[in-house]
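Participant: Provided herewith is a single structure, encoded as structure tokens, for subsequent inquiry.
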Amino acid sequence: MKKALFQKPLSDKRVKCLLCPHECELNNGEYGLCLGRVNHNGILYAENYQRAVTIAIDPIEKKPLFHFLPGSEILSTATYGCNMKCPFCQNYDISQFKIPTKDITPAELVDMAVKRGIPSIAFTYNEPTIWYEMIYDTAKYAKEKDINIVLVTNGLINKRPLATLTKYIDAMNIDLKSFNKTTYNNILHGDLDTVLHTIKYSFSQGIHVEVTNLIVTGLNDTEEEINKLIDWVASVSPDIPLHFSKYFPNFNFDNPPTSPEILDYAYRKAIEKLNFVYTGNVIGGHENTYCSKCGELLIERNYYSVKSYKLKNGKCPKCGQKIYGIF
């Protein structure tokens, strides 16, 4: 365990966590909603510190990140727990339960990437921000070793912790799960405004940002909501890559999979206002990157694999257009 950052002592050995909008107020011995933080005699500890449930090597496209070192490998790791309760969670086995872990230090994790020649580490699979102290220590050490740090996150983090952490983060894929405040509050146990701030603030700080929206049948798949989401992303920047993903029944949600028609609608509407739009979790989806100015095929992909790459110094070889991303 490690003493948690962002906490406020209360009376009678109670403590308030200030990491995310839930701001759990915990009696002695109680865990936060995220399962990773515990009150021990009036002090909040990150019980999950240095406790990983998995370490794997993935293609970076799997995160998904299509504009950050495309074709590269990324060392991926996670702990258990989450600060949201999505009933359709695709990784519920680690996000909703405490499961066995193995110990690894920040230095060991970074050195593992260095020894294998892998340029980036991703905190992914579950919600990484609840592993805050581990990420913070790893990211500071990673900077010394020229290793990139990537977060695949639901974006549910308070402003001060976010501002402190983003100084050390290189790229983020942020889930924008819905554009309906009631859905976020009552079904997902999150907060839409917080997530929107995370996207906008992170982008403003020069972090490479991509956004994912899992289109869930009967939850967030109306044309009205899809259009609102697209318009908001475009208002931040038309360059932000937007990934629409197909939902499949999982965990406590058995609604039918996302229809091809809805995915096609989302893609067609988004590409009218955004420069880079993709569809995932589907065979024959929109995976390729095209020049936002002349339409030249720049990166050809096939299910997380880069088949051809034509960018020259991050620019279109045909018209010279600078493409958003780190290449």
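Starting from 1 in every chain, residues are counted up; chains themselves are A, B, ... following the order of the structure tokens, and ligands are numbered from 1 as listed.
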What's the 7 Å shell around stretch 187-192 of chain A, counting only C-alpha atoms, without same-chain residues fewer than 4 positions away, as a PyMOL selection string?
Facilitator: chain A and resi 84-86+156+181+183+196
Participant: Run DSSP on the backbone of this structure and report the residues of stretch 141-240 of chain A it assigns to strand (DSSP E or B), as a list in words.
Facilitator: Asn148, Ile149, Val150, Leu151, Val152, Thr153, Ala171, Met172, Asn173, Ile174, Asp175, His208, Val209, Glu210, Val211, Thr212, Asn213, Leu214 and Ile215 of chain A
Participant: Store the residues of this selection in a file with C-alpha atoms, as a PDB file, in the first residue's frame.
Facilitator:
```
ATOM      1  CA  ASN A 148       5.756   7.276 -23.553  1.00  0.00           C
ATOM      2  CA  ILE A 149       2.830   6.931 -21.164  1.00  0.00           C
ATOM      3  CA  VAL A 150      -0.645   6.241 -22.521  1.00  0.00           C
ATOM      4  CA  LEU A 151      -3.955   6.194 -20.654  1.00  0.00           C
ATOM      5  CA  VAL A 152      -7.064   4.420 -21.922  1.00  0.00           C
ATOM      6  CA  THR A 153      -9.557   6.026 -19.588  1.00  0.00           C
ATOM      7  CA  ALA A 171      -1.433  10.165 -25.202  1.00  0.00           C
ATOM      8  CA  MET A 172      -4.952   9.320 -24.084  1.00  0.00           C
ATOM      9  CA  ASN A 173      -7.876   7.472 -25.550  1.00  0.00           C
ATOM     10  CA  ILE A 174     -10.880   8.748 -23.616  1.00  0.00           C
ATOM     11  CA  ASP A 175     -14.225   6.956 -23.589  1.00  0.00           C
ATOM     12  CA  HIS A 208      -2.422  13.441 -28.010  1.00  0.00           C
ATOM     13  CA  VAL A 209      -6.139  12.693 -27.612  1.00  0.00           C
ATOM     14  CA  GLU A 210      -8.427  10.237 -29.361  1.00  0.00           C
ATOM     15  CA  VAL A 211     -12.030   9.591 -28.337  1.00  0.00           C
ATOM     16  CA  THR A 212     -14.000   6.331 -28.354  1.00  0.00           C
ATOM     17  CA  ASN A 213     -17.771   5.942 -28.264  1.00  0.00           C
ATOM     18  CA  LEU A 214     -19.168   2.442 -27.784  1.00  0.00           C
ATOM     19  CA  ILE A 215     -22.607   2.580 -29.401  1.00  0.00           C
TER      20      ILE A 215
END
```
Participant: From the options A:Arg301, A:Lys310, A:Lys322, A:His197, which residue's atoms come nearest to A:Gly71, counting only C-alpha atoms?
Facilitator: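 For A:Gly71, the nearest of the given residues is A:Arg301.
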Participant: To one decimal in Å, tell me the separation between atom CA of A:Ile74 and atom CA of A:Val53.
Facilitator: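 According to the coordinates, atom CA of A:Ile74 and atom CA of A:Val53 are separated by 16.8 Å.
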Participant: Please list as a VMD selection string every residue within 10 Å of stretch 4-13 of chain A, counting only C-alpha atoms and excluding residues in the same chain fewer than 6 positions away.
Facilitator: chain A and resid 19 to 20 23 to 29 37 to 47 49 131 to 133 158 160 to 161
Participant: With only C-alpha atoms as the counted atoms, please give the residues lying no more than 9 Å from A:Gly285, apart from itself and same-chain residues fewer than 6 positions off, as a VMD selection string.
Facilitator: chain A and resid 278 to 279 303
Participant: According to DSSP computed on the backbone, where in stretch 184-288 of chain A is there helix (DSSP H, G or I)? Give the residues as number ranges by chain.
Facilitator: A: 184-188, 192-204, 223-236, 260-271
Participant: With only C-alpha atoms as the basis for distance, which of A:Ala270, A:Leu75, A:Ile104, A:Leu297 is at the shortest distance from A:Pro317?
Facilitator: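 Checking each of A:Ala270, A:Leu75, A:Ile104, A:Leu297 against A:Pro317, counting only C-alpha atoms, the winner is A:Leu297.
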Participant: At a cut-off of 12 Å, using only C-alpha atoms, what residues contact A:Ser235? Leave out same-chain residues fewer than 4 positions from it and give the result as a list in words.
Facilitator: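 Near neighbours after the sequence-gap exclusion: Leu196, Ile199, Lys200, Lys228, Leu229, Ile230, Asp231, Asp239, Ile240, Lys273 and Leu274 of chain A.
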Participant: For those residues, write N, CA and C atoms to a file as a PDB file, in the first residue's frame.
Facilitator:
```
ATOM      1  N   LEU A 196     -16.201  15.455 -20.208  1.00  0.00           N
ATOM      2  CA  LEU A 196     -16.001  16.483 -21.233  1.00  0.00           C
ATOM      3  C   LEU A 196     -14.831  17.388 -20.859  1.00  0.00           C
ATOM      4  N   ILE A 199     -11.489  15.570 -21.590  1.00  0.00           N
ATOM      5  CA  ILE A 199     -11.139  15.587 -23.017  1.00  0.00           C
ATOM      6  C   ILE A 199     -10.614  16.952 -23.422  1.00  0.00           C
ATOM      7  N   LYS A 200     -11.371  17.971 -23.095  1.00  0.00           N
ATOM      8  CA  LYS A 200     -11.019  19.327 -23.535  1.00  0.00           C
ATOM      9  C   LYS A 200      -9.720  19.800 -22.902  1.00  0.00           C
ATOM     10  N   LYS A 228     -25.230  14.982 -31.330  1.00  0.00           N
ATOM     11  CA  LYS A 228     -24.744  15.879 -30.277  1.00  0.00           C
ATOM     12  C   LYS A 228     -23.297  15.552 -29.913  1.00  0.00           C
ATOM     13  N   LEU A 229     -22.999  14.276 -29.817  1.00  0.00           N
ATOM     14  CA  LEU A 229     -21.631  13.858 -29.482  1.00  0.00           C
ATOM     15  C   LEU A 229     -20.653  14.317 -30.563  1.00  0.00           C
ATOM     16  N   ILE A 230     -21.011  14.099 -31.819  1.00  0.00           N
ATOM     17  CA  ILE A 230     -20.146  14.511 -32.932  1.00  0.00           C
ATOM     18  C   ILE A 230     -19.922  16.016 -32.909  1.00  0.00           C
ATOM     19  N   ASP A 231     -20.991  16.773 -32.725  1.00  0.00           N
ATOM     20  CA  ASP A 231     -20.873  18.231 -32.721  1.00  0.00           C
ATOM     21  C   ASP A 231     -19.960  18.710 -31.602  1.00  0.00           C
ATOM     22  N   ASP A 239      -9.838  17.761 -35.644  1.00  0.00           N
ATOM     23  CA  ASP A 239      -8.719  16.831 -35.839  1.00  0.00           C
ATOM     24  C   ASP A 239      -8.732  15.654 -34.879  1.00  0.00           C
ATOM     25  N   ILE A 240      -9.487  15.743 -33.775  1.00  0.00           N
ATOM     26  CA  ILE A 240      -9.494  14.647 -32.805  1.00  0.00           C
ATOM     27  C   ILE A 240     -10.065  13.394 -33.462  1.00  0.00           C
ATOM     28  N   LYS A 273     -17.991  16.331 -40.318  1.00  0.00           N
ATOM     29  CA  LYS A 273     -17.516  17.404 -39.436  1.00  0.00           C
ATOM     30  C   LYS A 273     -16.147  17.146 -38.822  1.00  0.00           C
ATOM     31  N   LEU A 274     -15.697  15.891 -38.867  1.00  0.00           N
ATOM     32  CA  LEU A 274     -14.408  15.525 -38.288  1.00  0.00           C
ATOM     33  C   LEU A 274     -13.487  14.982 -39.365  1.00  0.00           C
TER      34      LEU A 274
END
```
Participant: Please determine, counting only C-alpha atoms, which residue among A:Pro128, A:Gly320, A:Pro70, A:Gly325 has the shortest atom-to-atom distance to A:Glu300.
Facilitator: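 Among the listed residues, A:Pro70 lies closest to A:Glu300.
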Participant: Identify which of the residues A:Tyr80, A:Phe88, A:Tyr31, A:Phe123 lies closest to A:Asn255, counting only C-alpha atoms when measuring atom-to-atom distances.
Facilitator: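 So, comparing all the options, the nearest one is A:Phe88.
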Participant: Choose the residue, out of A:Ser76, A:Val195, A:Leu33, A:Pro87, that has the smallest atom-to-atom separation from A:Asn252; count only C-alpha atoms.
Facilitator: A:Pro87
Participant: Restricting the calculation to only C-alpha atoms, which member of A:Glu224, A:Thr217, A:Tyr290, A:Met112 is positioned closest to A:Glu261?
Facilitator: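 So, comparing all the options, the nearest one is A:Thr217.
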Participant: Report, in Å with one decimal, the straight-line distance from atom CA of A:Gln50 to atom CA of A:Ile130.
Facilitator: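 Interatomic distance here is 12.3 Å.
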